[in-house]
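Participant: This is the structure, below, for whatever I ask next.
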Amino acid sequence: MSRLQSIPYPTISPVFFEIGPLQFRWYGLMYLIGLTTAYFYIRHKVDRTGLAITKDQIYDMVVWAALGIFIGGRLGYTLFYNFSYYVQHPAKIIAVWESGMSFHGKLLGTIVSLFWFSARQGLPAYTIADLAAAVTPIGLGFGRLGNFINGELYGRATDVDWCMVFPNGGPACRHPSQLYEAGLEGLLLFTGLWLIGRKAPPPGTIFWSFIAGYGMCRLIVELFREPDAHIGFIFGTLSMGQILSLPMIVIGAFMLSLGYQRRALARRAQAGEKITVG
């Protein structure tokens, strides 16, 4: 398909502001917007539900989550996506400005950092996990928009009417898969978690729903996203993103089922005690 038959890619400079040698990039701004929005949304949820969490604790929670995101994301990319390169060039592991972040690494890093935070603050782990999971799609949505602006992580070649020719993707017209991800992992997942949270679910439900929900969204999007050039497909037509997402669906679904079973058993036991006392 020629450029005339595709939707023109809106070429935007990845740098939105410069002061001398300092450059401020859209991708970094998207992280900042996502974290700031997450902070205020968590405050709203805490105020609405009456959770015993202070504003300072919410701020600290977001800071620790940010550290987990950046450290985990970089280490995850190193281990999952380009291990052979970084073994030979270990100094490049800290070169985050050269891009290369793994969502699954971000997830693991955030889980570790927030588990440590909850233990240190004496807060229930599932309370913190549910709050963090509820706002994570916000950051995911903005992050994928940053990927789109950078013209990276584009989709596979296609002939759909809305395909785009990305500057770094050669002459082929491709799926704007970053926008698909922003819609699925961002808007759709956020809406789903918000609806689940209105039903007063068992502790941990929002967190495990996010785990399973993200796995499903990523599994779908990977059908349209171009695999990393240095990795390609791992097994048949399965990409690394799909392989890492499949366990999320299985574990998330299992833990959700377990949580609701435990609450049902607890309610039955409580009902039995009332009958016995009566």
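Note on naming: chains are A, B, ... as they come in the structure tokens, residues start from 1 per chain, ligands start from 1 in the order shown.
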Can you list, as a list in words, every protein, DNA or RNA residue that comes within 6 Å of range 123-140 of chain A when you count only C-alpha atoms, leaving out same-chain residues fewer than 3 positions away?

Facilitator: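 Result of the neighbour search: Gly34, Ala38, Ser118, Gly143, Glu185, Gly186, Phe190, Pro203, Gly204, Ile206 and Phe207 of chain A.
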
Participant: For Phe83 in chain A, list every protein, DNA or RNA residue within 12 Å, evaluated using only C-alpha atoms, and leave out those in the same chain fewer than 4 positions away; present the list as a list in words.

Facilitator: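 Once the nearby chain positions are removed, what remains is Arg74, Leu75, Gly76, Tyr77, Thr78, Leu79, Val87, Gln88, His89, Pro90, Lys92, Ile93, Gly100, His230 and Ile231 of chain A.
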
Participant: Which residues are near range 243-250 of chain A? Cut-off 7 Å, only C-alpha atoms, ignore same chain within fewer than 4 positions. Put them as a VMD selection string.

Facilitator: chain A and resid 211 to 212 215 to 216 218 to 219 238 to 239 254

Participant: Among the residues of range 99-186 of chain A, find those DSSP assigns to strand (DSSP E or B) from the backbone and print them as an MDAnalysis selection string.

Facilitator: chainID A and resid 155 157 164 174

Participant: Please indicate the distance in Å from CA of Arg174 in chain A to CA of Glu222 in chain A, rounded to one decimal place.

Facilitator: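 Separation between CA of Arg174 in chain A and CA of Glu222 in chain A: 13.3 Å.
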
Participant: Quick one: contact table of range 166-239 of chain A to range 42-46 of chain A, 12 Å max, nearest atom pair and distance in Å to one decimal per residue, counting only C-alpha atoms, chain and number order, as JSON lines?

Facilitator:
```
{"residue": "A:Trp194", "atom": "CA", "partner": "A:Lys45", "partner_atom": "CA", "distance": 10.6}
{"residue": "A:Gly197", "atom": "CA", "partner": "A:Lys45", "partner_atom": "CA", "distance": 10.1}
{"residue": "A:Arg198", "atom": "CA", "partner": "A:Lys45", "partner_atom": "CA", "distance": 11.0}
```

Participant: Contacts of Ser13 in chain A at 9 Å or less, counting only C-alpha atoms, minus same-chain residues fewer than 2 places along, as a list in words?

Facilitator: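 Near Ser13 in chain A, the qualifying residues are Thr11, Val15, Phe16, Arg25, Trp26, Ile149 and Asn150 of chain A.
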
Participant: Please measure the separation of CA of Trp116 in chain A and CA of Lys55 in chain A, giving the value in Å to one decimal.

Facilitator: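 A separation of 18.3 Å between them.
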
Participant: In terms of the shortest atom-to-atom distance over only C-alpha atoms, which of A:Pro14, A:Gly122, A:Pro227, A:Gly259 is closest to Tyr81 in chain A?

Facilitator: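 The shortest atom-to-atom distance to Tyr81 in chain A comes from A:Pro227.
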
Participant: May I ask for the distance between CA of Tyr59 in chain A and CA of Met30 in chain A, given in Å to one decimal place?

Facilitator: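 Computing it gives 18.4 Å between the two atoms.
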
Participant: Residues within 12 Å of Gly141 in chain A, please, as a count of residues only. Count only C-alpha atoms; anything in the same chain fewer than 5 positions from it doesn't count.

Facilitator: 27

Participant: For Trp208 in chain A, which of A:Phe70, A:Phe117, A:Phe235, A:Tyr260 is the closest residue, counting only C-alpha atoms?

Facilitator: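 Closest to Trp208 in chain A of all the choices is A:Tyr260.
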